[in-house]
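Visitor: For reference, the structure I am asking about is given below.
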Amino acid sequence: MKVDDKLVEHLAHLSRLEFDDVSKEKMKFDFEKILDFVAKLDEVDTKGVEPLVYMSAETNVLREDKVKGEVSQKDALQNAPKKDTDYIRIPKVIKN
Amino acid sequence: MKNFTSLSEIRESIHSGSTSCQSLVDYYLERIDKHKDLNIYIEVFTDEAISRAKKVDEKLQAGTAGRLAGMVIALKDNICFEGHKVSASSKILEGFESLYSATVVERLLKEDAIIIGRVNCDEFAMGSANETSTYGPVKNPCDPKTVAGGSSGGSAAAVAADLCQVALGSDTGGSIRQPAAFCGVIGMKPTYARVSRFGLIAYASSFDQIGPLAKSIEDAALVTEIIAGVDPNDSTSSSVPVTPYSEAKIPSGKKKIAYLKEYIESPGLNPEIKENFLKLISDLKAQGHIVEEQKFPYLDVIVPSYYVLTTAEASSNLARFDGAHYGYRSPNAHDIESTYKLSRTEGFGEEVKRRIMLGTFVLSSGYYDAYYTKAQRVRRLIQDRTEEVLKNYDFILMPTTPSTAFEIGVKNEDPTVVYLEDIYTVHANLAGIPAISLPLWKSSENMPIGVQLMAASFKEEELFSFSKLLMNSKN
């Protein structure tokens, strides 16, 4: 499959990533190699085979509806890259 | 200090008064410092390990010590330990400190294990050579020019260099077994859902399992027994009862073992590994076991289906790293979009970004059915055929890796070449079954070679039991 700039840019946006021109070229090259590699899957006849979605045999694991394991405000702020006394700070969202 | 093979040897030695937890910890701290150049430990919990050793010694004296008293353990840097840093060897988690402990850590501590530090791994456990770590590659203690394997490279190397007694790793497609084979130690991946994943930084949630890397089956079995079992914090964890793996004995009867034709005939398999493997088959036959060839027609799609599914899950799991709530934020972020994009672009390494992109692609509109659903269907076929073989045979035997440890830096050009490193190990993760790598042989260049034994789901005890027989045949 041919991978062009448009596809890489589209996927980069969905992934919330950015690639400069050099890394975009490298990504295109790698992507084509990887897609050729996974194209092997087409050779397997899977007609009538149900997709395998869940690997655990546990079903309907229920628990009491009780509040537990909540993280305190102080703890939640601990790892924030930028914060004040009460809140995580992020750059301005709404533009003037 | 002697290099102890198992905890029972350590306990005897403590009992007879020739060592103590405190002197063991001192010994490891000294060795860790001496072997800094191998780039194994990211952080050593020095003071904490010393004070804990003192407490465990007191408990041993008082006769109140837990089952892991005397065992010094290293954690892969993707397993959370309350109040300690954890980074998945990624810049994006620089400085992050965990608010809680993984269930496995809680269980180890409850039995009086001493956790001595966290060890290097591939970034977000994505890699087969420990070369994608933001801290640089781990060097293989058997030959520092070569890789330790990945992604639990630090865990394998720490055990191989005797910088701890046991290390925990995680295995998504071979990340415990492949480095274990490269470094010459035992590596065990339990059945999917056998061990709680609570507190493991997620890579691909339908594949990930935590397991031990150890010097003896005895230790691997004991640690697996302690960390296994249902956990209310991981609703996928299995309620199947855990049997006493640590009491597994060498089986007295004869076993039925299958090996897969396509795997042994694969042109990528190193001739020396193949020769050792075929010799093992004839030895086992000579001992009266039934060893037979079985067909497995999906070898060519094993790694492709693994990559489609794991990258899809990874792209979803890694969406949480947004630069806002925790971890790295780009200093150039000026609005919410650039907070996400720049933090992620600067915080993730190349391999992680490649996998997020591939995962996003296979889940995107127009490609979802052709790639993601297709791979899930292939996964079903792989699981069905594997279970069919394991209905008729006790075990499947195969090499752990197609080659021995390669030189640092050589396989970086084409990503799909490194991906083929996982060809023999991803099978167990796709099928969800337990698998163990045993360091049975050495190459002509004196590098370790591993053999891999797989069993049906939840047959951990049988796996440890036959592993004892195989390890004994080595001596």
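Identifiers in this document derive from the order of the structure tokens: chains are assigned A, B, ..., residues are numbered from 1 separately in each chain, and ligands are numbered from 1 in order of occurrence.
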For region 283-295 of chain B, find every residue with an atom within 7 Å (counting only C-alpha atoms), except residues of its own chain fewer than 4 positions away, and show them as number ranges by chain.
Guide: B: 254-262, 279
Visitor: Going by DSSP on the backbone, which residues of region 166-306 of chain B come out as strand (DSSP E or B)? List them as number ranges by chain.
Guide: B: 166-171, 186-189, 195, 200, 209-214, 228, 231, 234, 256-260, 290-294
Visitor: Could the residues in this selection be written to a file with N, CA and C atoms, as a compact mmCIF listing (two decimals), in the first residue's frame?
Guide:
# COMPACT_ATOMS: atom_id res chain seq x y z
N VAL B 166 15.43 -12.21 42.21
CA VAL B 166 14.35 -12.37 41.23
C VAL B 166 13.99 -10.96 40.74
N ALA B 167 13.54 -10.87 39.49
CA ALA B 167 13.03 -9.59 38.99
C ALA B 167 11.65 -9.83 38.41
N LEU B 168 10.79 -8.83 38.54
CA LEU B 168 9.51 -8.93 37.83
C LEU B 168 9.65 -8.25 36.48
N GLY B 169 9.01 -8.86 35.49
CA GLY B 169 8.95 -8.27 34.16
C GLY B 169 7.51 -8.27 33.71
N SER B 170 7.27 -7.79 32.50
CA SER B 170 5.94 -7.94 31.92
C SER B 170 6.14 -8.45 30.50
N ASP B 171 5.15 -9.21 30.03
CA ASP B 171 5.29 -9.92 28.77
C ASP B 171 4.04 -9.69 27.92
N ILE B 186 15.77 -17.90 33.73
CA ILE B 186 14.43 -18.44 33.53
C ILE B 186 13.44 -17.28 33.45
N GLY B 187 12.52 -17.34 32.50
CA GLY B 187 11.50 -16.29 32.38
C GLY B 187 10.13 -16.91 32.19
N MET B 188 9.19 -16.51 33.03
CA MET B 188 7.87 -17.15 33.03
C MET B 188 6.76 -16.14 32.70
N LYS B 189 6.00 -16.44 31.65
CA LYS B 189 4.78 -15.66 31.38
C LYS B 189 3.58 -16.50 31.77
N VAL B 195 -2.44 -13.30 36.54
CA VAL B 195 -1.85 -12.32 37.45
C VAL B 195 -2.54 -10.97 37.20
N LEU B 200 0.13 -2.08 36.54
CA LEU B 200 1.09 -2.26 35.44
C LEU B 200 0.75 -1.20 34.39
N GLN B 209 0.95 -9.52 30.58
CA GLN B 209 0.99 -10.29 31.82
C GLN B 209 2.29 -10.01 32.55
N ILE B 210 2.20 -9.95 33.87
CA ILE B 210 3.40 -9.79 34.71
C ILE B 210 3.89 -11.18 35.07
N GLY B 211 5.20 -11.35 35.14
CA GLY B 211 5.76 -12.63 35.56
C GLY B 211 7.18 -12.46 36.06
N PRO B 212 7.74 -13.54 36.66
CA PRO B 212 9.09 -13.45 37.22
C PRO B 212 10.21 -13.87 36.27
N LEU B 213 11.39 -13.30 36.50
CA LEU B 213 12.64 -13.78 35.90
C LEU B 213 13.50 -14.25 37.06
N ALA B 214 14.02 -15.47 36.97
CA ALA B 214 14.65 -16.07 38.14
C ALA B 214 15.80 -16.99 37.74
N ALA B 228 -0.09 -14.47 41.73
CA ALA B 228 -1.26 -14.89 40.96
C ALA B 228 -2.54 -14.81 41.79
N ASP B 231 -8.22 -10.53 41.65
CA ASP B 231 -8.00 -9.22 42.26
C ASP B 231 -9.19 -8.32 41.93
N ASP B 234 -8.75 -5.70 39.23
CA ASP B 234 -8.59 -6.04 37.81
C ASP B 234 -9.71 -7.03 37.47
N LYS B 256 3.32 -36.24 26.89
CA LYS B 256 3.15 -36.10 25.43
C LYS B 256 3.48 -34.66 25.04
N ILE B 257 4.44 -34.53 24.15
CA ILE B 257 4.92 -33.19 23.78
C ILE B 257 4.84 -33.01 22.27
N ALA B 258 4.32 -31.87 21.87
CA ALA B 258 4.27 -31.55 20.44
C ALA B 258 5.32 -30.50 20.11
N TYR B 259 5.88 -30.59 18.92
CA TYR B 259 6.65 -29.46 18.39
C TYR B 259 6.07 -29.12 17.02
N LEU B 260 6.17 -27.87 16.64
CA LEU B 260 5.46 -27.41 15.46
C LEU B 260 6.41 -27.36 14.25
N ILE B 290 6.58 -39.13 24.74
CA ILE B 290 6.12 -39.11 23.35
C ILE B 290 6.31 -37.70 22.81
N VAL B 291 7.14 -37.58 21.80
CA VAL B 291 7.39 -36.26 21.21
C VAL B 291 7.05 -36.34 19.74
N GLU B 292 6.08 -35.56 19.31
CA GLU B 292 5.61 -35.67 17.93
C GLU B 292 5.50 -34.31 17.25
N GLU B 293 5.62 -34.37 15.93
CA GLU B 293 5.49 -33.16 15.13
C GLU B 293 4.01 -32.86 14.88
N GLN B 294 3.66 -31.60 15.00
CA GLN B 294 2.30 -31.16 14.67
C GLN B 294 2.39 -30.01 13.68
Visitor: Looking only at the backbone, which of the residues in region 5-96 of chain A does DSSP tag as helix (DSSP H, G or I), as a ChimeraX atom specification?
Guide: /A:5-14,21-43,73-78
Visitor: Please identify all polymer residues within 9 Å of Val93 (chain A), counting only C-alpha atoms, omitting same-chain residues fewer than 4 positions from it, and present them as a PDB file with N, CA and C atoms, in the first residue's frame.
Guide:
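This is the output file result39.pdb:
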ATOM      1  N   HIS B 334       1.108  26.259  23.915  1.00  0.00           N
ATOM      2  CA  HIS B 334       0.496  27.577  24.096  1.00  0.00           C
ATOM      3  C   HIS B 334      -1.033  27.526  24.077  1.00  0.00           C
ATOM      4  N   ASP B 335      -1.593  26.389  23.699  1.00  0.00           N
ATOM      5  CA  ASP B 335      -3.044  26.206  23.812  1.00  0.00           C
ATOM      6  C   ASP B 335      -3.283  24.713  24.054  1.00  0.00           C
ATOM      7  N   ILE B 336      -4.556  24.304  24.072  1.00  0.00           N
ATOM      8  CA  ILE B 336      -4.805  22.912  24.471  1.00  0.00           C
ATOM      9  C   ILE B 336      -4.306  21.918  23.413  1.00  0.00           C
ATOM     10  N   GLU B 337      -4.513  22.260  22.132  1.00  0.00           N
ATOM     11  CA  GLU B 337      -4.066  21.377  21.061  1.00  0.00           C
ATOM     12  C   GLU B 337      -2.542  21.176  21.076  1.00  0.00           C
TER      13      GLU B 337
END
Visitor: Name the residues in contact with region 12-25 of chain A at a cut-off of 10 Å, using only C-alpha atoms, excluding same-chain residues fewer than 5 positions from it; report them as JSON, numbers by chain.
Guide: {"A": [4, 5, 6, 7, 30, 31], "B": [315, 316, 318, 319, 322, 337, 338, 339, 340, 341, 342, 343, 344, 345, 346, 348, 350, 353, 356, 357, 358, 359, 360, 361, 364]}
Visitor: Please report as a short mmCIF file (atom, residue, chain, number, x, y, z; two decimals) with N, CA, C and O atoms, in the first residue's frame which residues of chain A come no farther than 7 Å from chain B, using only C-alpha atoms.
Guide:
data_model
loop_
_atom_site.label_atom_id
_atom_site.label_comp_id
_atom_site.auth_asym_id
_atom_site.auth_seq_id
_atom_site.Cartn_x
_atom_site.Cartn_y
_atom_site.Cartn_z
N LEU A 11 -3.29 10.70 10.17
CA LEU A 11 -3.08 9.82 11.33
C LEU A 11 -2.37 10.55 12.46
O LEU A 11 -2.67 10.34 13.64
N ALA A 12 -1.44 11.43 12.08
CA ALA A 12 -0.71 12.19 13.11
C ALA A 12 -1.68 13.07 13.89
O ALA A 12 -1.61 13.13 15.11
N SER A 15 -3.68 10.96 16.20
CA SER A 15 -2.82 10.48 17.29
C SER A 15 -2.33 11.62 18.17
O SER A 15 -1.62 11.38 19.15
N ARG A 16 -2.67 12.86 17.82
CA ARG A 16 -2.15 14.05 18.50
C ARG A 16 -0.63 14.01 18.57
O ARG A 16 -0.01 14.08 19.64
N LEU A 17 -0.06 13.82 17.38
CA LEU A 17 1.40 13.84 17.24
C LEU A 17 1.74 14.76 16.08
O LEU A 17 0.87 15.06 15.24
N GLU A 18 3.00 15.20 16.04
CA GLU A 18 3.46 16.00 14.90
C GLU A 18 4.74 15.42 14.35
O GLU A 18 5.55 14.89 15.11
N ASP A 30 8.70 3.58 6.92
CA ASP A 30 8.43 2.51 7.90
C ASP A 30 7.02 1.97 7.73
O ASP A 30 6.78 0.77 7.79
N ILE A 34 5.78 -1.81 7.14
CA ILE A 34 4.95 -2.50 8.13
C ILE A 34 3.63 -2.95 7.47
O ILE A 34 3.17 -4.07 7.71
N PHE A 37 4.15 -5.94 5.47
CA PHE A 37 4.38 -7.04 6.40
C PHE A 37 3.06 -7.60 6.95
O PHE A 37 2.85 -8.81 7.00
N VAL A 38 2.14 -6.71 7.31
CA VAL A 38 0.87 -7.19 7.88
C VAL A 38 -0.14 -7.59 6.80
O VAL A 38 -1.16 -8.20 7.09
N LYS A 40 0.09 -9.92 4.94
CA LYS A 40 0.03 -11.39 5.00
C LYS A 40 -1.30 -11.89 5.55
O LYS A 40 -1.75 -13.00 5.23
N LEU A 41 -1.90 -11.08 6.40
CA LEU A 41 -3.17 -11.48 7.03
C LEU A 41 -4.25 -11.79 5.99
O LEU A 41 -5.11 -12.64 6.20
N THR A 46 -10.68 -16.36 6.62
CA THR A 46 -11.34 -16.22 7.93
C THR A 46 -12.86 -16.16 7.77
O THR A 46 -13.55 -15.65 8.65
N VAL A 49 -15.36 -16.97 10.69
CA VAL A 49 -14.64 -17.00 11.97
C VAL A 49 -15.02 -15.75 12.77
O VAL A 49 -14.90 -14.64 12.29
N GLU A 50 -15.47 -15.96 14.00
CA GLU A 50 -15.83 -14.83 14.87
C GLU A 50 -14.56 -14.15 15.38
O GLU A 50 -13.62 -14.83 15.80
N PRO A 51 -14.52 -12.83 15.39
CA PRO A 51 -13.35 -12.14 15.97
C PRO A 51 -13.16 -12.53 17.44
O PRO A 51 -14.15 -12.65 18.16
N LEU A 52 -11.92 -12.72 17.85
CA LEU A 52 -11.63 -13.02 19.26
C LEU A 52 -11.38 -11.68 19.96
O LEU A 52 -10.38 -11.01 19.67
N VAL A 53 -12.28 -11.30 20.84
CA VAL A 53 -12.21 -9.98 21.45
C VAL A 53 -11.76 -10.04 22.90
O VAL A 53 -10.89 -9.31 23.33
N MET A 55 -10.07 -11.96 26.10
CA MET A 55 -9.14 -13.05 26.41
C MET A 55 -9.42 -13.66 27.77
O MET A 55 -8.93 -14.72 28.09
N SER A 56 -10.15 -12.96 28.62
CA SER A 56 -10.44 -13.50 29.94
C SER A 56 -11.80 -14.19 29.89
O SER A 56 -12.72 -13.72 29.23
N GLU A 58 -13.71 -14.52 32.42
CA GLU A 58 -14.59 -13.94 33.45
C GLU A 58 -15.70 -13.14 32.78
O GLU A 58 -15.46 -12.36 31.86
N VAL A 61 -18.38 -9.38 35.95
CA VAL A 61 -17.70 -9.21 37.24
C VAL A 61 -18.32 -7.99 37.93
O VAL A 61 -18.13 -6.87 37.49
N ASN A 79 1.38 15.03 40.66
CA ASN A 79 2.16 14.79 39.44
C ASN A 79 1.85 15.76 38.31
O ASN A 79 2.34 15.59 37.20
N ALA A 80 1.02 16.75 38.58
CA ALA A 80 0.66 17.69 37.51
C ALA A 80 1.88 18.50 37.10
O ALA A 80 2.63 18.99 37.95
N PRO A 81 2.09 18.67 35.79
CA PRO A 81 3.27 19.43 35.35
C PRO A 81 3.20 20.90 35.76
O PRO A 81 4.22 21.55 35.95
N ILE A 88 -5.10 21.93 38.49
CA ILE A 88 -4.08 21.69 37.46
C ILE A 88 -4.18 22.87 36.49
O ILE A 88 -5.28 23.24 36.08
N ILE A 90 -3.49 24.58 32.85
CA ILE A 90 -3.15 24.33 31.45
C ILE A 90 -3.19 25.65 30.69
O ILE A 90 -3.78 26.61 31.18
N PRO A 91 -2.56 25.70 29.52
CA PRO A 91 -2.61 26.96 28.75
C PRO A 91 -4.06 27.33 28.42
O PRO A 91 -4.95 26.47 28.40
N LYS A 92 -4.25 28.56 28.11
CA LYS A 92 -5.58 29.10 27.82
C LYS A 92 -6.28 28.30 26.71
O LYS A 92 -5.68 28.02 25.67
N VAL A 93 -7.53 27.91 26.95
CA VAL A 93 -8.27 27.10 25.98
C VAL A 93 -9.09 27.98 25.04
O VAL A 93 -9.09 27.80 23.83
#
Visitor: One number please: CA of Ala157 (chain B) to CA of Pro141 (chain B), in Å, one decimal.
Guide: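 Interatomic distance here is 6.1 Å.
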Visitor: Between CA of Val138 (chain B) and CA of Arg52 (chain B), what is the spacing in Å?
Guide: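 CA of Val138 (chain B) lies 27.6 Å from CA of Arg52 (chain B).
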